[in-house]
>>> print(open('coords-v9.cif').read())   # mmCIF, N, CA and C atoms and all ligand atoms
data_model
loop_
_atom_site.group_PDB
_atom_site.id
_atom_site.type_symbol
_atom_site.label_atom_id
_atom_site.label_comp_id
_atom_site.auth_asym_id
_atom_site.auth_seq_id
_atom_site.Cartn_x
_atom_site.Cartn_y
_atom_site.Cartn_z
ATOM 1 N N MET A 152 0.852 -1.204 0.000
ATOM 2 C CA MET A 152 0.000 0.000 0.000
ATOM 3 C C MET A 152 0.877 1.238 0.000
ATOM 4 N N ASP A 153 0.540 2.155 -0.872
ATOM 5 C CA ASP A 153 1.308 3.390 -0.955
ATOM 6 C C ASP A 153 0.838 4.358 0.125
ATOM 7 N N SER A 154 1.755 5.119 0.637
ATOM 8 C CA SER A 154 1.374 6.086 1.656
ATOM 9 C C SER A 154 0.663 7.266 1.013
ATOM 10 N N LEU A 155 -0.144 7.945 1.799
ATOM 11 C CA LEU A 155 -0.871 9.090 1.267
ATOM 12 C C LEU A 155 0.087 10.162 0.776
ATOM 13 N N GLU A 156 1.219 10.288 1.448
ATOM 14 C CA GLU A 156 2.218 11.252 0.982
ATOM 15 C C GLU A 156 2.672 10.943 -0.417
ATOM 16 N N GLN A 157 2.942 9.661 -0.645
ATOM 17 C CA GLN A 157 3.367 9.244 -1.981
ATOM 18 C C GLN A 157 2.278 9.534 -3.005
ATOM 19 N N LEU A 158 1.031 9.181 -2.642
ATOM 20 C CA LEU A 158 -0.071 9.391 -3.573
ATOM 21 C C LEU A 158 -0.258 10.864 -3.891
ATOM 22 N N ARG A 159 0.060 11.707 -2.935
ATOM 23 C CA ARG A 159 -0.034 13.146 -3.177
ATOM 24 C C ARG A 159 1.023 13.600 -4.159
ATOM 25 N N SER A 160 2.254 13.222 -3.923
ATOM 26 C CA SER A 160 3.292 13.722 -4.817
ATOM 27 C C SER A 160 3.176 13.096 -6.201
ATOM 28 N N ILE A 161 2.671 11.882 -6.265
ATOM 29 C CA ILE A 161 2.438 11.274 -7.578
ATOM 30 C C ILE A 161 1.373 12.056 -8.340
ATOM 31 N N ALA A 162 0.235 12.292 -7.687
ATOM 32 C CA ALA A 162 -0.862 12.979 -8.374
ATOM 33 C C ALA A 162 -0.444 14.360 -8.837
ATOM 34 N N GLN A 163 0.420 15.017 -8.050
ATOM 35 C CA GLN A 163 0.795 16.366 -8.413
ATOM 36 C C GLN A 163 1.693 16.413 -9.641
ATOM 37 N N GLN A 164 2.351 15.314 -9.937
ATOM 38 C CA GLN A 164 3.173 15.342 -11.157
ATOM 39 C C GLN A 164 2.576 14.469 -12.255
ATOM 40 N N CYS A 165 1.343 14.047 -12.072
ATOM 41 C CA CYS A 165 0.708 13.190 -13.061
ATOM 42 C C CYS A 165 -0.120 14.031 -14.024
ATOM 43 N N SER A 166 0.089 13.802 -15.326
ATOM 44 C CA SER A 166 -0.658 14.568 -16.314
ATOM 45 C C SER A 166 -1.982 13.902 -16.647
ATOM 46 N N ALA A 167 -2.204 12.708 -16.127
ATOM 47 C CA ALA A 167 -3.429 11.982 -16.439
ATOM 48 C C ALA A 167 -4.453 12.067 -15.320
ATOM 49 N N PHE A 168 -4.190 12.886 -14.337
ATOM 50 C CA PHE A 168 -5.127 13.015 -13.220
ATOM 51 C C PHE A 168 -6.515 13.382 -13.725
ATOM 52 N N ASP A 169 -7.504 12.603 -13.274
ATOM 53 C CA ASP A 169 -8.880 12.809 -13.719
ATOM 54 C C ASP A 169 -9.779 12.740 -12.488
ATOM 55 N N PRO A 170 -10.221 13.878 -11.990
ATOM 56 C CA PRO A 170 -10.948 13.910 -10.724
ATOM 57 C C PRO A 170 -12.220 13.069 -10.739
ATOM 58 N N ILE A 171 -12.448 12.312 -9.678
ATOM 59 C CA ILE A 171 -13.653 11.477 -9.596
ATOM 60 C C ILE A 171 -14.897 12.331 -9.456
ATOM 61 N N GLU A 172 -14.738 13.531 -8.939
ATOM 62 C CA GLU A 172 -15.871 14.443 -8.862
ATOM 63 C C GLU A 172 -15.419 15.799 -9.346
ATOM 64 N N LYS A 173 -16.300 16.443 -10.070
ATOM 65 C CA LYS A 173 -15.944 17.742 -10.652
ATOM 66 C C LYS A 173 -15.487 18.726 -9.597
ATOM 67 N N ASN A 174 -16.144 18.710 -8.463
ATOM 68 C CA ASN A 174 -15.854 19.743 -7.473
ATOM 69 C C ASN A 174 -14.823 19.306 -6.438
ATOM 70 N N ILE A 175 -14.162 18.181 -6.687
ATOM 71 C CA ILE A 175 -13.227 17.708 -5.669
ATOM 72 C C ILE A 175 -12.018 18.637 -5.557
ATOM 73 N N LEU A 176 -11.675 19.286 -6.664
ATOM 74 C CA LEU A 176 -10.518 20.171 -6.635
ATOM 75 C C LEU A 176 -10.762 21.402 -5.769
ATOM 76 N N SER A 177 -12.014 21.752 -5.576
ATOM 77 C CA SER A 177 -12.303 22.897 -4.722
ATOM 78 C C SER A 177 -12.741 22.461 -3.332
ATOM 79 N N SER A 178 -12.653 21.164 -3.054
ATOM 80 C CA SER A 178 -13.043 20.675 -1.734
ATOM 81 C C SER A 178 -12.015 21.097 -0.688
ATOM 82 N N ASP A 179 -12.436 21.078 0.554
ATOM 83 C CA ASP A 179 -11.553 21.505 1.635
ATOM 84 C C ASP A 179 -10.269 20.686 1.683
ATOM 85 N N VAL A 180 -10.416 19.369 1.527
ATOM 86 C CA VAL A 180 -9.241 18.515 1.661
ATOM 87 C C VAL A 180 -8.243 18.766 0.528
ATOM 88 N N ALA A 181 -8.749 18.971 -0.678
ATOM 89 C CA ALA A 181 -7.843 19.238 -1.795
ATOM 90 C C ALA A 181 -7.164 20.583 -1.627
ATOM 91 N N ARG A 182 -7.895 21.531 -1.085
ATOM 92 C CA ARG A 182 -7.309 22.847 -0.888
ATOM 93 C C ARG A 182 -6.241 22.821 0.192
ATOM 94 N N LYS A 183 -6.486 22.031 1.208
ATOM 95 C CA LYS A 183 -5.577 21.986 2.343
ATOM 96 C C LYS A 183 -4.354 21.126 2.030
ATOM 97 N N ASP A 184 -4.593 19.929 1.507
ATOM 98 C CA ASP A 184 -3.515 18.953 1.356
ATOM 99 C C ASP A 184 -3.120 18.701 -0.089
ATOM 100 N N GLY A 185 -3.861 19.278 -1.042
ATOM 101 C CA GLY A 185 -3.567 19.008 -2.438
ATOM 102 C C GLY A 185 -4.248 17.730 -2.909
ATOM 103 N N ILE A 186 -4.116 17.481 -4.189
ATOM 104 C CA ILE A 186 -4.763 16.295 -4.754
ATOM 105 C C ILE A 186 -3.925 15.055 -4.453
ATOM 106 N N ASN A 187 -4.572 13.900 -4.522
ATOM 107 C CA ASN A 187 -3.824 12.653 -4.457
ATOM 108 C C ASN A 187 -4.540 11.612 -5.308
ATOM 109 N N CYS A 188 -3.898 10.505 -5.524
ATOM 110 C CA CYS A 188 -4.400 9.509 -6.468
ATOM 111 C C CYS A 188 -5.771 8.957 -6.094
ATOM 112 N N THR A 189 -6.120 8.950 -4.819
ATOM 113 C CA THR A 189 -7.431 8.399 -4.450
ATOM 114 C C THR A 189 -8.566 9.284 -4.940
ATOM 115 N N MET A 190 -8.251 10.481 -5.406
ATOM 116 C CA MET A 190 -9.273 11.369 -5.960
ATOM 117 C C MET A 190 -9.396 11.215 -7.468
ATOM 118 N N CYS A 191 -8.716 10.247 -8.017
ATOM 119 C CA CYS A 191 -8.606 10.116 -9.476
ATOM 120 C C CYS A 191 -9.361 8.874 -9.957
ATOM 121 N N THR A 192 -10.029 9.005 -11.090
ATOM 122 C CA THR A 192 -10.809 7.885 -11.623
ATOM 123 C C THR A 192 -9.926 6.704 -12.015
ATOM 124 N N HIS A 193 -8.656 6.951 -12.282
ATOM 125 C CA HIS A 193 -7.781 5.878 -12.741
ATOM 126 C C HIS A 193 -7.190 5.062 -11.594
ATOM 127 N N TYR A 194 -7.386 5.520 -10.379
ATOM 128 C CA TYR A 194 -6.704 4.899 -9.261
ATOM 129 C C TYR A 194 -7.091 3.431 -9.109
ATOM 130 N N ASP A 195 -8.400 3.161 -9.094
ATOM 131 C CA ASP A 195 -8.912 1.797 -9.109
ATOM 132 C C ASP A 195 -8.299 0.949 -7.992
ATOM 133 N N GLY A 196 -8.383 1.449 -6.787
ATOM 134 C CA GLY A 196 -7.890 0.698 -5.641
ATOM 135 C C GLY A 196 -6.388 0.471 -5.655
ATOM 136 N N GLY A 197 -5.648 1.304 -6.365
ATOM 137 C CA GLY A 197 -4.196 1.200 -6.378
ATOM 138 C C GLY A 197 -3.647 0.509 -7.608
ATOM 139 N N LYS A 198 -4.527 0.159 -8.542
ATOM 140 C CA LYS A 198 -4.062 -0.602 -9.691
ATOM 141 C C LYS A 198 -3.614 0.264 -10.863
ATOM 142 N N CYS A 199 -3.636 1.573 -10.681
ATOM 143 C CA CYS A 199 -3.267 2.465 -11.784
ATOM 144 C C CYS A 199 -1.835 2.190 -12.253
ATOM 145 N N ARG A 200 -1.677 1.949 -13.552
ATOM 146 C CA ARG A 200 -0.351 1.651 -14.106
ATOM 147 C C ARG A 200 0.523 2.893 -14.156
ATOM 148 N N ILE A 201 -0.121 4.037 -14.417
ATOM 149 C CA ILE A 201 0.648 5.277 -14.484
ATOM 150 C C ILE A 201 1.320 5.552 -13.146
ATOM 151 N N LYS A 202 0.601 5.256 -12.097
ATOM 152 C CA LYS A 202 1.147 5.439 -10.753
ATOM 153 C C LYS A 202 2.443 4.642 -10.585
ATOM 154 N N ASP A 203 2.422 3.409 -11.045
ATOM 155 C CA ASP A 203 3.620 2.582 -10.925
ATOM 156 C C ASP A 203 4.777 3.172 -11.730
ATOM 157 N N GLU A 204 4.448 3.720 -12.899
ATOM 158 C CA GLU A 204 5.509 4.331 -13.710
ATOM 159 C C GLU A 204 6.104 5.538 -13.007
ATOM 160 N N ILE A 205 5.239 6.380 -12.456
ATOM 161 C CA ILE A 205 5.737 7.574 -11.779
ATOM 162 C C ILE A 205 6.551 7.173 -10.550
ATOM 163 N N LEU A 206 6.065 6.185 -9.817
ATOM 164 C CA LEU A 206 6.792 5.700 -8.645
ATOM 165 C C LEU A 206 8.180 5.223 -9.027
ATOM 166 N N THR A 207 8.257 4.468 -10.109
ATOM 167 C CA THR A 207 9.551 3.963 -10.550
ATOM 168 C C THR A 207 10.497 5.096 -10.898
ATOM 169 N N SER A 208 9.967 6.102 -11.588
ATOM 170 C CA SER A 208 10.853 7.210 -11.968
ATOM 171 C C SER A 208 11.249 8.020 -10.749
ATOM 172 N N MET A 209 10.376 8.076 -9.740
ATOM 173 C CA MET A 209 10.736 8.793 -8.521
ATOM 174 C C MET A 209 11.829 8.044 -7.762
ATOM 175 N N ASP A 210 11.761 6.730 -7.789
ATOM 176 C CA ASP A 210 12.753 5.932 -7.082
ATOM 177 C C ASP A 210 14.146 6.128 -7.640
ATOM 178 N N GLN A 211 14.203 6.506 -8.893
ATOM 179 C CA GLN A 211 15.522 6.615 -9.530
ATOM 180 C C GLN A 211 16.212 7.935 -9.238
ATOM 181 N N THR A 212 15.466 8.875 -8.646
ATOM 182 C CA THR A 212 16.090 10.169 -8.397
ATOM 183 C C THR A 212 16.714 10.197 -7.020
HETATM 184 S S1 LIG B 1 -4.250 7.388 -10.029
HETATM 185 FE FE1 LIG B 1 -2.889 7.200 -11.780
HETATM 186 S S2 LIG B 1 -3.715 8.603 -13.318
HETATM 187 FE FE2 LIG B 1 -4.589 9.156 -11.346
HETATM 188 S S3 LIG B 1 -3.272 10.752 -10.526
HETATM 189 FE FE3 LIG B 1 -2.557 8.815 -9.707
HETATM 190 S S4 LIG B 1 -0.972 8.147 -11.121
HETATM 191 FE FE4 LIG B 1 -2.169 9.712 -12.149
#
>>> encode(input="coords-v9.cif", output="structure tokens")
Amino acid sequence: MDSLEQLRSIAQQCSAFDPIEKNILSSDVARKDGINCTMCTHYDGGKCRIKDEILTSMDQT
């Protein structure tokens, strides 16, 4: 399981982020903590392939 911190930094550099709800970007939690993968339609319980790609590229830095 990825930590919420990881999911946040992944979502912030992901160009495929697709909010599950139109107004989620203006929600309190998004405003306070930023977006994360659990707010994205592609997340699918952690099975998003893009997430794995971004994670891999982050590991290399
Ligand atoms: S769930 Fe996948 S597509 Fe959505 S923001 Fe995260 S990495 Fe990007």
>>> closest_atom_pairs(input="coords-v9.cif", of="chain A", to="ligand LIG 1 (chain B)", cutoff="7 Å", atoms="all atoms listed in the file", output="CSV")
residue,atom,partner,partner_atom,distance
A:Leu158,C,B:LIG1,FE3,6.6
A:Ile161,C,B:LIG1,FE3,5.3
A:Ala162,CA,B:LIG1,S3,3.9
A:Gln163,N,B:LIG1,S3,6.2
A:Gln164,C,B:LIG1,FE4,6.7
A:Cys165,CA,B:LIG1,FE4,4.6
A:Ser166,N,B:LIG1,FE4,5.6
A:Ala167,C,B:LIG1,S2,4.1
A:Phe168,CA,B:LIG1,S3,4.0
A:Asp169,N,B:LIG1,FE2,4.9
A:Asn187,C,B:LIG1,S3,5.4
A:Cys188,CA,B:LIG1,FE3,3.8
A:Thr189,N,B:LIG1,S1,5.8
A:Met190,C,B:LIG1,FE2,6.5
A:Cys191,CA,B:LIG1,FE2,4.5
A:Thr192,N,B:LIG1,FE2,5.4
A:His193,C,B:LIG1,S1,4.1
A:Tyr194,CA,B:LIG1,S1,3.6
A:Asp195,N,B:LIG1,S1,6.0
A:Cys199,CA,B:LIG1,FE1,4.8
A:Arg200,N,B:LIG1,FE1,5.7
A:Ile201,C,B:LIG1,S4,4.0
A:Lys202,N,B:LIG1,S4,3.4
A:Asp203,N,B:LIG1,S4,5.8
A:Ile205,N,B:LIG1,S4,6.6
>>> closest_residue(input="coords-v9.cif", among="A:Asp210, A:Asp184, A:Ser178, A:Lys198", to="Glu156 of chain A", atoms="only C-alpha atoms")
A:Asp184
>>> closest_residue(input="coords-v9.cif", among="A:Arg182, A:Ser208, A:Asp153, A:Ser160", to="Gly196 of chain A", atoms="only C-alpha atoms")
A:Asp153
>>> atom_distance(input="coords-v9.cif", atom1="atom CA of Ala181 of chain A", atom2="atom CA of Arg159 of chain A")
10.0 Å
>>> atom_distance(input="coords-v9.cif", atom1="atom CA of Thr207 of chain A", atom2="atom CA of Leu155 of chain A")
16.6 Å
>>> atom_distance(input="coords-v9.cif", atom1="atom CA of Gln157 of chain A", atom2="atom CA of Asp179 of chain A")
19.6 Å
>>> select_by_dssp(input="coords-v9.cif", residues="segment 154-211 of chain A", states="alpha helix (DSSP H)", output="list of chain:residue names")
A:Leu155, A:Glu156, A:Gln157, A:Leu158, A:Arg159, A:Ser160, A:Ile161, A:Ala162, A:Gln163, A:Asp179, A:Val180, A:Ala181, A:Arg182, A:Lys183, A:Asp184, A:Arg200, A:Ile201, A:Lys202, A:Asp203, A:Glu204, A:Ile205, A:Leu206, A:Thr207, A:Ser208, A:Met209, A:Asp210
